[in-house]
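> Input coords37.cif, format and content: mmCIF, C-alpha atoms.
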data_query
#
loop_
_atom_site.label_atom_id
_atom_site.label_comp_id
_atom_site.auth_asym_id
_atom_site.auth_seq_id
_atom_site.Cartn_x
_atom_site.Cartn_y
_atom_site.Cartn_z
CA MET A 1 76.17 67.61 20.92
CA SER A 2 76.18 69.50 24.21
CA CYS A 3 74.46 72.83 24.01
CA SER A 4 76.34 76.01 24.49
CA LEU A 5 76.02 79.57 23.45
CA ASP A 6 78.82 82.07 23.86
CA LEU A 7 78.92 85.78 23.32
CA LYS A 8 82.34 87.42 23.52
CA ASN A 9 82.70 91.21 23.40
CA VAL A 10 79.62 91.52 21.26
CA SER A 11 78.20 94.92 20.32
CA VAL A 12 74.68 95.32 19.00
CA ALA A 13 73.12 98.35 17.35
CA ASN A 14 69.59 99.00 16.18
CA GLU A 15 69.06 101.64 13.48
CA GLY A 16 72.34 103.33 14.33
CA VAL A 17 71.76 103.36 18.10
CA ILE A 18 74.21 101.25 20.07
CA LEU A 19 72.24 99.04 22.45
CA PHE A 20 74.99 96.76 23.75
CA GLU A 21 78.73 97.32 23.84
CA ASN A 22 81.28 94.54 24.40
CA ILE A 23 78.95 92.21 26.24
CA SER A 24 79.86 88.63 27.08
CA LEU A 25 77.49 85.82 28.02
CA HIS A 26 77.78 82.08 28.36
CA VAL A 27 74.86 79.67 28.34
CA GLY A 28 75.91 76.16 29.28
CA HIS A 29 74.33 72.76 28.66
CA LYS A 30 70.80 72.64 30.13
CA GLU A 31 71.41 75.98 31.84
CA LYS A 32 68.48 78.33 32.35
CA ILE A 33 69.27 82.01 32.34
CA ALA A 34 67.14 85.14 32.32
CA ILE A 35 67.75 88.64 31.08
CA VAL A 36 65.73 91.38 32.72
CA GLY A 37 65.61 95.08 32.06
CA ALA A 38 63.44 98.08 31.46
CA ASN A 39 61.22 98.44 28.40
CA GLY A 40 63.12 99.45 25.29
CA CYS A 41 66.56 98.59 26.65
CA GLY A 42 67.18 96.10 23.82
CA LYS A 43 66.33 92.72 25.37
CA THR A 44 64.40 91.53 22.32
CA THR A 45 67.12 92.81 19.97
CA LEU A 46 69.70 90.82 21.92
CA LEU A 47 67.53 87.71 21.76
CA GLU A 48 67.18 88.18 18.00
CA VAL A 49 70.98 88.29 17.72
CA LEU A 50 71.17 85.03 19.69
CA ALA A 51 68.54 83.55 17.36
CA GLY A 52 70.42 84.61 14.24
CA LEU A 53 67.60 86.90 13.15
CA ARG A 54 69.76 90.00 13.39
CA GLU A 55 73.46 90.66 12.79
CA LYS A 56 75.72 91.81 15.61
CA THR A 57 77.89 94.88 15.00
CA SER A 58 81.10 93.35 16.32
CA GLY A 59 82.39 90.60 18.58
CA ARG A 60 82.15 86.84 18.51
CA LEU A 61 79.09 84.58 18.69
CA GLU A 62 79.62 80.87 19.20
CA LEU A 63 76.74 78.44 18.92
CA PHE A 64 77.26 74.76 19.70
CA HIS A 65 81.04 75.42 19.51
CA HIS A 66 80.80 76.91 16.00
CA THR A 67 81.55 80.54 15.25
CA ILE A 68 78.66 82.44 13.70
CA GLU A 69 79.92 85.30 11.57
CA LYS A 70 76.82 86.12 9.56
CA LYS A 71 73.16 85.15 9.50
CA SER A 72 73.70 82.39 6.91
CA ASP A 73 76.18 80.59 9.26
CA TYR A 74 73.22 80.03 11.55
CA GLN A 75 71.31 77.91 9.02
CA PRO A 76 72.69 74.45 9.99
CA PHE A 77 71.73 75.06 13.63
CA ARG A 78 68.31 76.52 12.95
CA SER A 79 66.46 73.30 13.83
CA MET A 80 68.33 73.07 17.15
CA VAL A 81 67.23 76.51 18.31
CA GLY A 82 63.65 77.32 19.26
CA TYR A 83 62.46 80.91 19.36
CA LEU A 84 59.26 82.12 20.99
CA PHE A 85 58.10 85.54 19.83
CA GLN A 86 56.87 88.16 22.29
CA ASP A 87 53.60 88.47 20.36
CA SER A 88 52.24 84.96 19.77
CA ASN A 89 50.40 86.14 16.65
CA ASP A 90 53.80 86.56 14.96
CA GLN A 91 54.49 82.85 15.51
CA PHE A 92 51.66 81.46 13.40
CA LEU A 93 51.81 80.56 9.74
CA CYS A 94 48.90 78.13 9.36
CA PRO A 95 45.34 78.86 10.50
CA ILE A 96 44.68 75.49 12.22
CA VAL A 97 46.52 74.71 15.47
CA LYS A 98 47.72 71.19 14.56
CA ASP A 99 48.89 72.32 11.10
CA ASP A 100 50.83 75.19 12.56
CA ILE A 101 52.54 73.01 15.17
CA ALA A 102 53.42 70.40 12.55
CA PHE A 103 54.69 72.92 10.01
CA SER A 104 58.36 72.99 11.10
CA LEU A 105 58.50 69.19 11.22
CA LEU A 106 57.00 68.79 7.75
CA ALA A 107 59.17 71.58 6.34
CA ARG A 108 62.20 69.63 7.56
CA GLY A 109 61.03 66.56 5.67
CA MET A 110 59.34 64.48 8.37
CA GLN A 111 56.64 62.01 7.26
CA LYS A 112 53.06 63.17 7.84
CA SER A 113 52.16 60.22 10.09
CA MET A 114 55.26 60.73 12.24
CA ALA A 115 54.63 64.48 12.47
CA ALA A 116 51.00 63.86 13.47
CA LYS A 117 52.19 61.57 16.30
CA ARG A 118 54.67 64.17 17.52
CA VAL A 119 52.02 66.89 17.41
CA ALA A 120 49.58 64.73 19.37
CA MET A 121 52.28 64.06 21.97
CA ILE A 122 53.22 67.69 22.46
CA LEU A 123 49.56 68.74 22.66
CA GLU A 124 49.05 66.14 25.35
CA ASP A 125 52.18 67.21 27.25
CA LEU A 126 50.95 70.79 27.34
CA HIS A 127 47.35 69.70 28.07
CA ILE A 128 45.97 71.48 25.02
CA THR A 129 44.74 68.51 22.96
CA HIS A 130 41.27 70.12 22.84
CA LEU A 131 42.71 73.00 20.81
CA SER A 132 44.17 70.90 17.99
CA GLU A 133 41.41 71.60 15.44
CA LYS A 134 40.83 75.23 16.41
CA VAL A 135 41.71 78.32 14.41
CA VAL A 136 44.74 79.98 16.01
CA TYR A 137 43.39 83.51 15.80
CA SER A 138 40.27 82.56 17.74
CA LEU A 139 42.25 81.45 20.81
CA SER A 140 42.77 83.44 24.00
CA GLY A 141 46.14 85.08 24.74
CA GLY A 142 47.23 82.27 27.09
CA GLU A 143 46.13 79.53 24.69
CA LYS A 144 47.98 81.22 21.85
CA LYS A 145 51.12 81.31 23.98
CA LEU A 146 50.86 77.58 24.71
CA VAL A 147 50.21 76.74 21.05
CA ALA A 148 53.19 78.88 20.01
CA LEU A 149 55.32 77.09 22.62
CA ALA A 150 54.09 73.72 21.34
CA GLY A 151 55.19 74.75 17.83
CA VAL A 152 58.65 75.47 19.21
CA LEU A 153 58.97 72.41 21.47
CA VAL A 154 57.74 69.94 18.87
CA CYS A 155 61.07 70.27 17.03
CA GLU A 156 62.92 69.26 20.22
CA PRO A 157 65.39 72.14 20.11
CA LYS A 158 68.51 72.01 22.28
CA LEU A 159 68.39 75.72 22.97
CA LEU A 160 65.23 77.72 23.69
CA LEU A 161 65.05 81.48 23.35
CA LEU A 162 61.90 82.89 24.90
CA ASP A 163 60.83 86.49 24.55
CA GLU A 164 58.51 87.53 27.39
CA PRO A 165 56.84 84.10 27.72
CA THR A 166 54.58 85.20 30.57
CA ASN A 167 53.45 88.35 28.82
CA ALA A 168 49.64 88.80 29.04
CA LEU A 169 49.11 85.54 30.94
CA ASP A 170 46.91 85.19 34.00
CA GLU A 171 48.31 83.76 37.23
CA LEU A 172 47.11 80.22 36.58
CA MET A 173 48.46 80.14 33.06
CA GLN A 174 51.72 81.68 34.26
CA THR A 175 52.16 78.96 36.90
CA ARG A 176 51.42 76.32 34.28
CA LEU A 177 53.94 77.77 31.85
CA THR A 178 56.61 78.08 34.56
CA GLN A 179 56.02 74.42 35.47
CA ILE A 180 56.34 73.35 31.84
CA LEU A 181 59.56 75.31 31.37
CA LEU A 182 61.05 74.02 34.63
CA GLU A 183 60.43 70.44 33.54
CA LEU A 184 62.29 70.97 30.26
CA GLU A 185 65.84 69.68 30.27
CA LYS A 186 67.15 72.21 27.79
CA SER A 187 69.31 75.30 27.71
CA ILE A 188 66.94 78.23 27.95
CA VAL A 189 67.42 81.98 27.65
CA VAL A 190 64.43 84.00 28.78
CA VAL A 191 63.96 87.70 28.29
CA SER A 192 61.40 89.13 30.66
CA HIS A 193 60.51 91.92 33.03
CA ASP A 194 58.44 89.60 35.21
CA LYS A 195 60.73 89.33 38.24
CA ASP A 196 58.74 86.65 40.10
CA PHE A 197 58.75 84.35 37.10
CA VAL A 198 62.44 84.95 36.47
CA LYS A 199 63.39 84.20 40.11
CA GLU A 200 61.43 80.97 40.12
CA PHE A 201 62.66 79.80 36.77
CA SER A 202 66.30 80.70 36.18
CA GLN A 203 69.66 79.67 37.57
CA SER A 204 71.28 83.01 36.76
CA ILE A 205 69.77 86.42 36.12
CA TYR A 206 71.32 89.22 34.11
CA THR A 207 70.18 92.78 33.81
CA VAL A 208 70.81 95.34 31.12
CA LYS A 209 72.72 98.30 32.53
CA GLU A 210 74.34 101.06 30.51
CA ARG A 211 74.73 99.02 27.33
CA SER A 212 76.15 96.02 29.17
CA LEU A 213 74.93 92.83 30.81
CA VAL A 214 75.39 92.59 34.55
CA ARG A 215 74.80 89.38 36.49
CA ILE A 216 72.59 90.11 39.48
CA ALA A 217 71.75 86.64 40.75
CA MET B 1 36.53 72.26 -7.19
CA LEU B 2 39.20 74.89 -7.86
CA VAL B 3 39.94 73.30 -11.24
CA ILE B 4 36.26 73.13 -12.22
CA VAL B 5 35.63 76.75 -11.27
CA CYS B 6 38.81 77.87 -13.06
CA ILE B 7 37.77 76.08 -16.28
CA TYR B 8 34.26 77.53 -16.00
CA SER B 9 35.57 81.07 -15.37
CA PHE B 10 38.12 80.85 -18.17
CA PHE B 11 35.49 79.52 -20.57
CA ILE B 12 33.00 82.28 -19.73
CA SER B 13 35.64 84.99 -19.93
CA LEU B 14 36.31 84.03 -23.56
CA GLN B 15 32.65 84.20 -24.62
CA THR B 16 31.17 86.98 -26.70
CA THR B 17 27.65 85.64 -26.19
CA ILE B 18 26.23 84.45 -22.89
CA PHE B 19 23.92 81.44 -23.07
CA VAL B 20 21.38 80.31 -20.47
CA SER B 21 23.26 77.03 -20.24
CA PHE B 22 25.99 78.83 -18.23
CA LEU B 23 23.51 79.63 -15.47
CA PRO B 24 22.93 76.24 -13.75
CA LEU B 25 26.47 76.00 -12.39
CA CYS B 26 26.26 79.54 -11.00
CA LEU B 27 22.89 78.77 -9.40
CA PHE B 28 24.22 75.52 -7.98
CA SER B 29 27.14 77.44 -6.44
CA LEU B 30 24.58 79.65 -4.66
CA TYR B 31 22.78 76.54 -3.39
CA TYR B 32 26.18 75.19 -2.24
CA ALA B 33 26.67 78.37 -0.20
CA LYS B 34 23.10 78.46 1.10
CA TYR B 35 24.20 79.00 4.72
CA ASN B 36 26.53 81.85 3.78
CA LEU B 37 24.33 83.64 1.27
CA ALA B 38 24.44 86.94 3.12
CA GLN B 39 28.24 86.91 2.99
CA VAL B 40 28.19 86.09 -0.75
CA VAL B 41 25.65 88.82 -1.52
CA LYS B 42 27.70 91.37 0.44
CA ARG B 43 30.85 90.50 -1.49
CA VAL B 44 29.04 90.53 -4.85
CA LEU B 45 27.56 93.95 -4.09
CA LEU B 46 30.98 95.32 -3.15
CA PHE B 47 32.48 93.85 -6.31
CA ASN B 48 29.74 95.46 -8.38
CA ILE B 49 30.76 98.92 -7.21
CA PHE B 50 33.85 98.50 -9.39
CA ILE B 51 32.07 96.73 -12.22
CA ILE B 52 29.45 99.46 -12.47
CA PHE B 53 32.19 101.99 -13.34
CA VAL B 54 33.33 99.80 -16.22
CA VAL B 55 29.73 99.33 -17.36
CA ILE B 56 28.99 103.07 -17.21
CA SER B 57 32.13 103.97 -19.14
CA THR B 58 31.22 101.37 -21.80
CA LEU B 59 27.69 102.74 -21.96
CA ILE B 60 29.02 106.28 -22.40
CA ALA B 61 31.07 104.96 -25.31
CA GLY B 62 27.69 103.87 -26.74
CA ASN B 63 28.16 100.12 -26.63
CA LEU B 64 25.17 98.70 -24.74
CA GLU B 65 25.83 95.11 -25.83
CA LEU B 66 29.41 95.14 -24.55
CA ALA B 67 28.36 96.78 -21.29
CA LEU B 68 25.80 94.03 -20.67
CA LEU B 69 28.31 91.36 -21.63
CA VAL B 70 30.91 92.72 -19.19
CA PHE B 71 28.33 92.97 -16.42
CA ILE B 72 26.86 89.47 -16.82
CA ARG B 73 30.17 87.75 -17.52
CA SER B 74 32.03 89.23 -14.56
CA ASN B 75 29.10 88.61 -12.22
CA LEU B 76 28.70 84.99 -13.32
CA ILE B 77 32.40 84.35 -12.66
CA PHE B 78 32.51 86.26 -9.39
CA ILE B 79 29.32 84.76 -7.94
CA THR B 80 30.42 81.21 -8.77
CA LEU B 81 33.90 81.76 -7.34
CA THR B 82 32.72 83.50 -4.18
CA ALA B 83 29.90 81.06 -3.51
CA PHE B 84 32.04 77.96 -3.90
CA PHE B 85 34.93 79.30 -1.82
CA CYS B 86 33.18 81.44 0.80
CA LYS B 87 33.81 78.79 3.47
CA THR B 88 37.34 77.96 2.37
CA ASP B 89 40.25 79.73 4.03
CA MET B 90 43.22 81.05 2.08
CA PHE B 91 45.50 78.34 3.46
CA GLN B 92 43.30 75.61 1.95
CA ILE B 93 43.20 77.44 -1.39
CA ALA B 94 46.99 77.85 -1.35
CA LEU B 95 47.37 74.15 -0.51
CA ALA B 96 45.07 73.26 -3.41
CA MET B 97 47.15 75.44 -5.72
CA GLN B 98 50.24 73.63 -4.51
CA ILE B 99 48.65 70.23 -5.16
CA LEU B 100 47.80 71.48 -8.66
CA ARG B 101 51.57 72.01 -9.12
CA LEU B 102 51.41 75.76 -9.59
CA PRO B 103 54.86 77.37 -9.19
CA ARG B 104 56.01 77.32 -5.55
CA VAL B 105 56.90 81.00 -5.56
CA PHE B 106 53.46 81.89 -6.91
CA VAL B 107 51.72 79.84 -4.20
CA SER B 108 53.93 81.33 -1.45
CA VAL B 109 53.35 84.88 -2.68
CA PHE B 110 49.60 84.20 -2.87
CA TYR B 111 49.40 82.82 0.67
CA LEU B 112 51.73 85.34 2.27
CA SER B 113 49.87 88.21 0.57
CA ALA B 114 46.59 86.78 1.88
CA LYS B 115 48.11 86.54 5.36
CA ALA B 116 49.38 90.13 5.16
CA ILE B 117 45.93 91.34 4.07
CA PHE B 118 44.36 89.38 6.95
CA LEU B 119 46.75 91.04 9.43
CA LEU B 120 45.97 94.48 8.01
CA LYS B 121 42.26 93.70 8.27
CA MET B 122 42.77 92.88 11.95
CA GLU B 123 44.60 96.19 12.32
CA LEU B 124 41.69 98.01 10.69
CA LYS B 125 39.23 96.37 13.09
CA ARG B 126 41.43 97.37 16.05
CA PHE B 127 41.63 100.94 14.74
CA ILE B 128 37.86 101.20 14.37
CA LYS B 129 37.47 99.94 17.96
CA THR B 130 40.00 102.53 19.17
CA LEU B 131 38.11 105.30 17.38
CA LYS B 132 34.83 104.19 18.98
CA VAL B 133 36.35 103.90 22.45
CA ARG B 134 37.94 107.34 22.17
CA GLY B 135 34.69 108.93 21.07
CA PHE B 136 35.64 109.78 17.50
CA GLN B 137 32.77 110.82 15.24
CA ALA B 138 33.38 111.08 11.53
CA LYS B 139 32.51 114.56 10.24
CA THR B 140 33.34 116.60 7.18
CA SER B 141 36.19 118.32 8.96
CA LEU B 142 39.92 118.67 8.67
CA PHE B 143 40.30 116.76 11.94
CA SER B 144 38.48 113.70 10.57
CA TYR B 145 40.59 113.72 7.43
CA GLN B 146 43.70 114.05 9.57
CA ILE B 147 42.68 111.00 11.60
CA TYR B 148 42.09 108.97 8.42
CA SER B 149 45.43 110.01 6.93
CA ASN B 150 47.15 109.12 10.21
CA PHE B 151 45.52 105.73 9.97
CA PHE B 152 46.82 105.16 6.45
CA GLY B 153 50.29 106.18 7.62
CA LEU B 154 50.04 103.76 10.54
CA LEU B 155 48.83 101.04 8.19
CA ILE B 156 51.91 101.45 6.00
CA ILE B 157 54.24 101.30 9.03
CA LYS B 158 52.32 98.31 10.37
CA SER B 159 52.57 96.48 7.04
CA PHE B 160 56.37 96.96 7.12
CA GLN B 161 56.46 95.60 10.68
CA ASN B 162 54.21 92.69 9.73
CA ALA B 163 56.40 91.85 6.76
CA ASN B 164 59.42 91.90 9.05
CA SER B 165 57.89 89.59 11.63
CA ILE B 166 56.54 87.24 8.94
CA GLN B 167 60.05 87.01 7.47
CA LYS B 168 61.51 86.17 10.91
CA MET B 169 58.78 83.59 11.55
CA LEU B 170 59.42 81.91 8.18
CA LEU B 171 63.11 81.72 9.00
CA ILE B 172 62.42 80.22 12.43
CA LYS B 173 59.95 77.67 11.05
CA GLY B 174 62.30 76.53 8.29
CA PHE B 175 59.94 77.63 5.50
CA ASN B 176 61.17 76.43 2.10
CA ASP B 177 58.55 77.78 -0.33
CA ARG B 178 56.17 74.93 0.48
CA LEU B 179 53.05 74.75 2.59
CA PHE B 180 52.10 71.70 4.61
CA SER B 181 49.02 70.37 6.32
CA LEU B 182 48.38 67.31 8.45
CA SER B 183 44.92 66.94 6.93
CA GLU B 184 44.60 64.20 4.36
CA THR B 185 43.51 65.08 0.81
CA LYS B 186 39.77 64.48 0.69
CA GLN B 187 38.04 62.16 -1.77
CA ILE B 188 35.97 63.85 -4.48
CA SER B 189 32.62 64.59 -2.86
CA MET B 190 29.14 64.17 -4.30
CA GLN B 191 28.82 67.94 -4.66
CA GLU B 192 32.05 68.08 -6.64
CA TRP B 193 30.85 65.33 -8.99
CA LEU B 194 27.61 67.27 -9.45
CA THR B 195 29.54 70.47 -10.20
CA LEU B 196 31.60 68.62 -12.78
CA LEU B 197 28.43 67.21 -14.32
CA LEU B 198 26.91 70.70 -14.55
CA LEU B 199 30.08 72.03 -16.15
CA CYS B 200 30.02 69.26 -18.76
CA THR B 201 26.30 69.86 -19.38
CA SER B 202 26.90 73.58 -19.98
CA PHE B 203 29.69 72.74 -22.41
CA LEU B 204 27.57 70.19 -24.26
CA SER B 205 24.49 72.41 -24.49
CA TYR B 206 26.72 75.29 -25.58
CA GLY B 207 28.12 73.09 -28.35
CA ALA B 208 24.61 72.00 -29.39
CA LEU B 209 23.40 75.63 -29.50
CA LEU B 210 26.29 76.60 -31.73
#
Translate the structure described by the file into structure tokens.

Amino acid sequence: MSCSLDLKNVSVANEGVILFENISLHVGHKEKIAIVGANGCGKTTLLEVLAGLREKTSGRLELFHHTIEKKSDYQPFRSMVGYLFQDSNDQFLCPIVKDDIAFSLLARGMQKSMAAKRVAMILEDLHITHLSEKVVYSLSGGEKKLVALAGVLVCEPKLLLLDEPTNALDELMQTRLTQILLELEKSIVVVSHDKDFVKEFSQSIYTVKERSLVRIA
Amino acid sequence: MLVIVCIYSFFISLQTTIFVSFLPLCLFSLYYAKYNLAQVVKRVLLFNIFIIFVVISTLIAGNLELALLVFIRSNLIFITLTAFFCKTDMFQIALAMQILRLPRVFVSVFYLSAKAIFLLKMELKRFIKTLKVRGFQAKTSLFSYQIYSNFFGLLIIKSFQNANSIQKMLLIKGFNDRLFSLSETKQISMQEWLTLLLLCTSFLSYGALL
């Protein structure tokens, strides 16, 4: 199935405040787009709508050519969409790194041995094999980000939604993360206010302006 | 180990007389936690703050025997439990409960509550750091009480936020009321055999004494 995500005249409100009005957005197969904007303009809220974690007020959301009316319509596509939280601490369920990464695989019914192989592979790909037995809360900010990303990538999602992936990362870690994301052949939507990262990473850039999305690059 | 300690605790909680034969298992648990004794003692002391209230109220009612029974019984159970599980994290305990076929919802609620408490504990630590950094000194003043009440307010808001993000994370991870781990179930260790032996010995000597 080719990946696509379509928003048509979608409006989004948060606690009664309208954040987006009649916005449209298309994310094609293996396309990498970025949404930038000031703090508090609703970037994360929009990403949550795309991830099916929040209901839109009106408009049409199409995911993999299927119309999503309510949150429950999202369920069959949940395993095909990866979501990286802004705060990595929100991403963890299990205390040990390898258990946390394997959780989604095991919850979807994969055999333990197979899941262990996949976890080992993803840890190696991200060069964080040394962290596999560590407690997630004892890791540094950058390490947590990579572990959280490993937990998302291990499920091999077709669409990745990343909320401020470079947040709190040093230059070296940021370069490493950008490299990893560039090598991924997936559709990716990134929300960020890190302009350098966004320029390097994405094919098209949108900004939030007066409750609408405007393409700037 | 969880099963043994549960049987032991349940058995002691039903007793109206405490025999010396119940002690070896409790003492062995302290030996088991020899490297974490300070942590165990700290927890037992904290626990006893609550127990002492019960004991005092029973003493006021004029029942010395019952007060002693409550004190010894609850301490025996708590020390054994804390000492055996001081090194075990909540995830391992929840997994063990799941292996023991306890209801899925119960296990999930147990683990998620433990996680929520852990997150609030982290919040408390952060708050204490903030107070130190900003030069706060606790005094008997309205300002200090205001700060503490603000903290409780923040804690409530934070717990709502935490619950919200945990719910989103569970949805993203495909959580279906079950916990998983890549670690293999361990074989029964020597220490566990010994604990079982001590439990059986206490039962047998208890029976003989009766």
> Between CA of Lys168 (chain B) and CA of Gly37 (chain A), what is the spacing in Å?
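Going from CA of Gly37 (chain A) over to CA of Lys168 (chain B) covers 23.3 Å.
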> Select, from B:Met122, B:Val54, B:Ala83, B:Leu196, the residue with the minimum atom-to-atom distance to chain A, counting all atoms listed in the file.
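Among B:Met122, B:Val54, B:Ala83, B:Leu196, it is B:Met122 that comes nearest to chain A.
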> Report the residues retrieved by the PyMOL selection byres ((chain A and resi 127) around 12) from the displayed file, expressed as a short mmCIF file (atom, residue, chain, number, x, y, z; two decimals) with C-alpha atoms, in the coordinates of the input.

data_model
loop_
_atom_site.label_atom_id
_atom_site.label_comp_id
_atom_site.auth_asym_id
_atom_site.auth_seq_id
_atom_site.Cartn_x
_atom_site.Cartn_y
_atom_site.Cartn_z
CA VAL A 119 52.02 66.89 17.41
CA ALA A 120 49.58 64.73 19.37
CA MET A 121 52.28 64.06 21.97
CA ILE A 122 53.22 67.69 22.46
CA LEU A 123 49.56 68.74 22.66
CA GLU A 124 49.05 66.14 25.35
CA ASP A 125 52.18 67.21 27.25
CA LEU A 126 50.95 70.79 27.34
CA ILE A 128 45.97 71.48 25.02
CA THR A 129 44.74 68.51 22.96
CA HIS A 130 41.27 70.12 22.84
CA LEU A 131 42.71 73.00 20.81
CA SER A 132 44.17 70.90 17.99
CA GLU A 143 46.13 79.53 24.69
CA LEU A 146 50.86 77.58 24.71
CA VAL A 147 50.21 76.74 21.05
CA ALA A 150 54.09 73.72 21.34
CA MET A 173 48.46 80.14 33.06
CA ARG A 176 51.42 76.32 34.28
CA LEU A 177 53.94 77.77 31.85
CA ILE A 180 56.34 73.35 31.84
#
> Return as JSON the box centre and box size in Å, one decimal, for an axis-aligned box around all listed atoms of region 158-169 of chain A padded by 8 Å per side.

{"center_x": 58.8, "center_y": 80.4, "center_z": 26.6, "size_x": 35.4, "size_y": 32.8, "size_z": 24.7}
> Apply the PyMOL selection byres ((chain B) within 10 of (chain A)) to the displayed file and report the matching residues as a PyMOL selection string.
chain B and resi 89-92+111-112+115+119+162+164-184
> Step by step, work through what the PyMOL selection byres ((chain A and resi 165) around 9) selects in the shown file, and finish by giving those residues as a PyMOL selection string.
chain A and resi 84-86+145+149+162-164+166-169+174+177+190-192
> Need the shell around Leu198 (chain B): protein/DNA/RNA residues with any atom at most 10 Å away, counting only C-alpha atoms. Skip same-chain ones fewer than 2 positions apart. Format as a list of chain:residue names?
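With the cut-off at 10 Å, the set is B:Ile4, B:Ser21, B:Phe22, B:Leu23, B:Pro24, B:Leu25, B:Cys26, B:Phe28, B:Glu192, B:Trp193, B:Leu194, B:Thr195, B:Leu196, B:Cys200, B:Thr201, B:Ser202, B:Phe203, B:Leu204.
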> Any idea what's packed within 12 Å of Ile188 (chain A), counting only C-alpha atoms, ignoring anything in its chain fewer than 6 positions away? Could you give it as a ChimeraX atom specification?
/A:3-5,26-35,47,50-51,81-84,153,157-163,165,181-182,198,201-205
> Taking (32.7, 75.3, -7.8) in the coordinates of the supplied file, I want to know which residues reach to within 7 Å of it, counting all atoms listed in the file; could you give the answer as a list of chain:residue names?
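Within the cut-off we find B:Met1, B:Leu2, B:Ile4, B:Val5, B:Ser29, B:Thr80, B:Leu81, B:Phe84, B:Thr195.
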> Just to confirm, what's the straight-line distance from CA of Val10 (chain A) to CA of Arg60 (chain A) in Å (one decimal)?
6.0 Å
> Please indicate the distance in Å from CA of Gln161 (chain B) to CA of Leu131 (chain B), rounded to one decimal place.
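For CA of Gln161 (chain B) relative to CA of Leu131 (chain B), the distance reads 21.8 Å.
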